Amino acid sequence: MYVDIEKNCATEKLTEILEKERNGFMKTYLVTGAAGFIGANFLKYILKKYEDIKVIVVDSLTYAGNLGTIKEELKDGRVKFEKVDIRDRKEIERIFYENKVDYVVNFAAESHVDRSIENPQIFLETNILGTQNLLDNAKKSWTVSKDKNGYPVYREGIKYLQVSTDEVYGSLSKDYDEPIELVIDDEDVKKVVKNRKNLKTYGNKFFTEESLADPRSPYSASKTGADHIVIAYGETYKLPVNITRCSNNYGPYHFPEKLIPLMIKNILEGKKLPVYGKGDNVRDWLYVEDHCKGIDLVLREAKVGEVYNIGGFNEEKNINIVKLVIDILKEEIANNDEYKKVLKTDISNINYDLITYVQDRLGHDMRYAIDPSKIAKDLGWYPETDFETGIRKTIKWYLENQDWVNEVVSGDYQKYYERMYENR
């Protein structure tokens with residue numbers, strides 16, 4: 001007698017998952033903005049890590065949201081997609097009504113500083129009012145009663161996590177034109193930089209969770225407002241919330257208006273590389289999968305109400321990042337005939353002459369640098385990808401995924417690019 005073992009195993013697995021769902025052991029995530037850069041990487045991360053979960057993806061598919069980024073994940077029976085704007089009260093209410101949501105992870109946001117300078121209003125509407133709409137519906141859905149003091153009582157095992165940014169803290173001083181050695185004495189924090197060499201910093205201060213909010217752009221002001229609304233719901237309604245604030249992310253599926261993917265795209269096309277001002281602004285870089293690992297830890301393990309900074313002690317000047325991308329990209333193409341096929345210019349044109357300095361961004365923050373000591377000590381988090389490895393992995397990913405790049409670079413993006421850089 002023939003037995004289809006593979007089919008039987010799949011049926012047993014489905015039965016096991018359904019049983020866990022009925023018994024309340026399966027967690028259902030509502031992940032907003034999961035067709036964007038960090039949200040998509042988080043979706044991939046949790047689906048790979050956990051078998052017994054369901055994920056409702058909510059994304060309005062604005063310019064930076066692309067279903068092609070998560071096309072394989074959408075085939076997964078554990079994933080359900082909803083094309084919904086987080087500002088839409090009726091639709092968000094419907095989603096909570098139709099699904100027993102346990103976790104809300106809010107990535108949905110207008111997120112590019114330059115665009116916020118062009119059109120601040122949409123940032124305030126999406127990032128603040130959209131966040132409030134999610135919080136309100138989560139509170140309504142999760143409330144089971146009230147305590148003797150009138151506070152809501154929520155069902156067990158639920159949490160709202162707001163994904164924020166270090167930009168809410170404003171700008172740090174750049175105390176050194178050239179970096180000095182970064183010395184870390186705490187043994188727990190040393191894990192954040194284990195196996196790393198040449199640790200350095202451009203300043204004497206770092207953003208901690210105790211740093212005051214001091215936003216300098218419409219984007220960071222809108223994210224600050226959203227954070228404050230989250231904190232207010234935690235204090236006023238005792239809603240179980242956490243906030244994470246990350247440094248600059250890089251990695252696969254990054255929309256090509258941001259520094260690293262923009263430089264890769266322009267180099268391959270033989271175009272100039274626009275660098276703001278003198279290129280001496282400093283950013284703290286974090287590989288996106290390491291960020292996703294941190295978010296997951298906070299969601300699953302962190303005490304309710306806590307805020308966590310997620311960064312990797314990896315400061316670098318923008319101009320040095322651009323030069324590093326040029327060097328690695330040229331090296332990879334020279335050593336791989338397949339990569340030569342995506343090059344639209346002569347390899348001899350890949351050099352520092354492509355760099356062109358453009359008028360600086362309005363209110364351009366000088367330096368960001370996160371101190372991730374709290375998440376290292378409390379939750380044991382550390383970034384697994386050092387920058388040298390991560391930037392090379394990122395460049396190779398873009399070389400090997402040009403179809404994705406071509407798909408996301410629409411006419412809207414081209415017009416935007418021309419407005420931002422062509423005439424500066």
# chains A, B, ... in the order shown; residues from 1 in each chain; ligands from 1

call {"tool": "residues_around", "arguments": {"residues": "Thr69 (chain A)", "least_positions_apart": "5", "cutoff": "10 Å", "atoms": "only C-alpha atoms", "output": "PyMOL selection string"}}
result
chain A and resi 34-37+40-41+44+74+252-254+404+407-408

call {"tool": "write_last_selection", "arguments": {"atoms": "C-alpha atoms", "output": "CSV table (one decimal), in the first residue's frame"}}
result
chain,number,residue,atom,x,y,z
A,34,ALA,CA,5.6,44.9,6.4
A,35,ALA,CA,6.0,45.6,2.7
A,36,GLY,CA,8.6,48.2,3.5
A,37,PHE,CA,12.3,47.7,4.3
A,40,ALA,CA,9.6,43.0,5.4
A,41,ASN,CA,12.8,41.9,7.0
A,44,LYS,CA,10.9,37.1,7.0
A,74,LEU,CA,2.5,35.9,1.0
A,252,PRO,CA,18.6,43.8,1.6
A,253,TYR,CA,15.3,45.3,0.3
A,254,HIS,CA,16.2,48.9,1.2
A,404,TRP,CA,13.8,43.8,-7.5
A,407,GLU,CA,10.7,46.8,-10.0
A,408,VAL,CA,10.7,49.3,-7.1

call {"tool": "closest_atom_pairs", "arguments": {"of": "region 75-118 of chain A", "to": "region 226-250 of chain A", "cutoff": "12 Å", "atoms": "only C-alpha atoms", "output": "JSON lines"}}
result
{"residue": "A:Asp102", "atom": "CA", "partner": "A:Pro240", "partner_atom": "CA", "distance": 11.1}
{"residue": "A:Tyr103", "atom": "CA", "partner": "A:Val241", "partner_atom": "CA", "distance": 9.9}
{"residue": "A:Val104", "atom": "CA", "partner": "A:Val241", "partner_atom": "CA", "distance": 9.4}
{"residue": "A:Val105", "atom": "CA", "partner": "A:Asn242", "partner_atom": "CA", "distance": 9.7}
{"residue": "A:Asn106", "atom": "CA", "partner": "A:Ile243", "partner_atom": "CA", "distance": 9.8}
{"residue": "A:Phe107", "atom": "CA", "partner": "A:Thr244", "partner_atom": "CA", "distance": 10.7}
{"residue": "A:Ala108", "atom": "CA", "partner": "A:Ala226", "partner_atom": "CA", "distance": 11.4}
{"residue": "A:Ala109", "atom": "CA", "partner": "A:Ala226", "partner_atom": "CA", "distance": 10.0}
{"residue": "A:Glu110", "atom": "CA", "partner": "A:Ala226", "partner_atom": "CA", "distance": 11.9}
{"residue": "A:Ser111", "atom": "CA", "partner": "A:Asn248", "partner_atom": "CA", "distance": 11.7}
{"residue": "A:His112", "atom": "CA", "partner": "A:Asn248", "partner_atom": "CA", "distance": 11.8}

call {"tool": "closest_residue", "arguments": {"among": "A:Lys148, A:Trp397, A:Leu329, A:Glu187", "to": "Asn349 (chain A)", "atoms": "only C-alpha atoms"}}
result
A:Leu329

call {"tool": "atom_distance", "arguments": {"atom1": "CA of Ile128 (chain A)", "atom2": "CA of Arg87 (chain A)"}}
result
9.2 Å

call {"tool": "residues_around", "arguments": {"residues": "Tyr339 (chain A)", "least_positions_apart": "4", "cutoff": "9 Å", "atoms": "only C-alpha atoms", "output": "number ranges by chain"}}
result
A: 332-335, 343, 396, 399-400

call {"tool": "atom_distance", "arguments": {"atom1": "CA of Lys71 (chain A)", "atom2": "CA of Tyr287 (chain A)"}}
result
22.0 Å

call {"tool": "atom_distance", "arguments": {"atom1": "CA of Leu67 (chain A)", "atom2": "CA of Cys292 (chain A)"}}
result
19.1 Å

call {"tool": "select_by_dssp", "arguments": {"residues": "region 159-388 of chain A", "states": "strand (DSSP E)", "output": "ChimeraX atom specification"}}
result
/A:159-165,180-181,200-201,241-246,248-250,273-276,282-287,307-310,315-317,355-358

call {"tool": "closest_residue", "arguments": {"among": "A:Leu47, A:Asn314, A:Asp52, A:Gln121", "to": "Lys75 (chain A)", "atoms": "only C-alpha atoms"}}
result
A:Leu47

call {"tool": "closest_residue", "arguments": {"among": "A:Ile267, A:Ile395, A:Ile180, A:Leu362", "to": "Glu316 (chain A)", "atoms": "only C-alpha atoms"}}
result
A:Ile180

call {"tool": "closest_atom_pairs", "arguments": {"of": "region 191-306 of chain A", "to": "region 181-185 of chain A", "cutoff": "7 Å", "atoms": "only C-alpha atoms", "output": "tab-separated table"}}
result
residue	atom	partner	partner_atom	distance
A:Leu199	CA	A:Leu182	CA	5.2
A:Lys200	CA	A:Glu181	CA	4.4
A:Thr201	CA	A:Leu182	CA	5.6

call {"tool": "select_by_dssp", "arguments": {"residues": "region 233-291 of chain A", "states": "helix (DSSP H, G or I)", "output": "PDB file with C-alpha atoms, in the first residue's frame"}}
result
ATOM      1  CA  TYR A 233      -1.686  55.004  26.316  1.00  0.00           C
ATOM      2  CA  GLY A 234       0.601  52.976  28.537  1.00  0.00           C
ATOM      3  CA  GLU A 235       0.234  55.435  31.421  1.00  0.00           C
ATOM      4  CA  THR A 236      -3.421  56.451  31.015  1.00  0.00           C
ATOM      5  CA  LEU A 259      22.235  56.421   1.205  1.00  0.00           C
ATOM      6  CA  ILE A 260      23.707  52.949   0.664  1.00  0.00           C
ATOM      7  CA  PRO A 261      21.271  51.548  -1.946  1.00  0.00           C
ATOM      8  CA  LEU A 262      21.237  54.910  -3.767  1.00  0.00           C
ATOM      9  CA  MET A 263      25.015  54.860  -4.051  1.00  0.00           C
ATOM     10  CA  ILE A 264      24.985  51.264  -5.340  1.00  0.00           C
ATOM     11  CA  LYS A 265      22.332  52.066  -7.938  1.00  0.00           C
ATOM     12  CA  ASN A 266      24.090  55.183  -9.208  1.00  0.00           C
ATOM     13  CA  ILE A 267      27.507  53.537  -9.376  1.00  0.00           C
ATOM     14  CA  LEU A 268      26.124  50.712 -11.510  1.00  0.00           C
ATOM     15  CA  GLU A 269      24.551  53.272 -13.848  1.00  0.00           C
ATOM     16  CA  VAL A 288      18.636  45.082   9.479  1.00  0.00           C
ATOM     17  CA  GLU A 289      18.417  41.443  10.576  1.00  0.00           C
ATOM     18  CA  ASP A 290      20.151  42.313  13.848  1.00  0.00           C
ATOM     19  CA  HIS A 291      17.536  45.022  14.359  1.00  0.00           C
TER      20      HIS A 291
END

call {"tool": "closest_residue", "arguments": {"among": "A:Ala221, A:Ile70, A:Ile321, A:Met26", "to": "Ile355 (chain A)", "atoms": "only C-alpha atoms"}}
result
A:Ile321

call {"tool": "closest_residue", "arguments": {"among": "A:Val57, A:Leu297, A:Ile92, A:Leu354", "to": "Thr32 (chain A)", "atoms": "only C-alpha atoms"}}
result
A:Val57
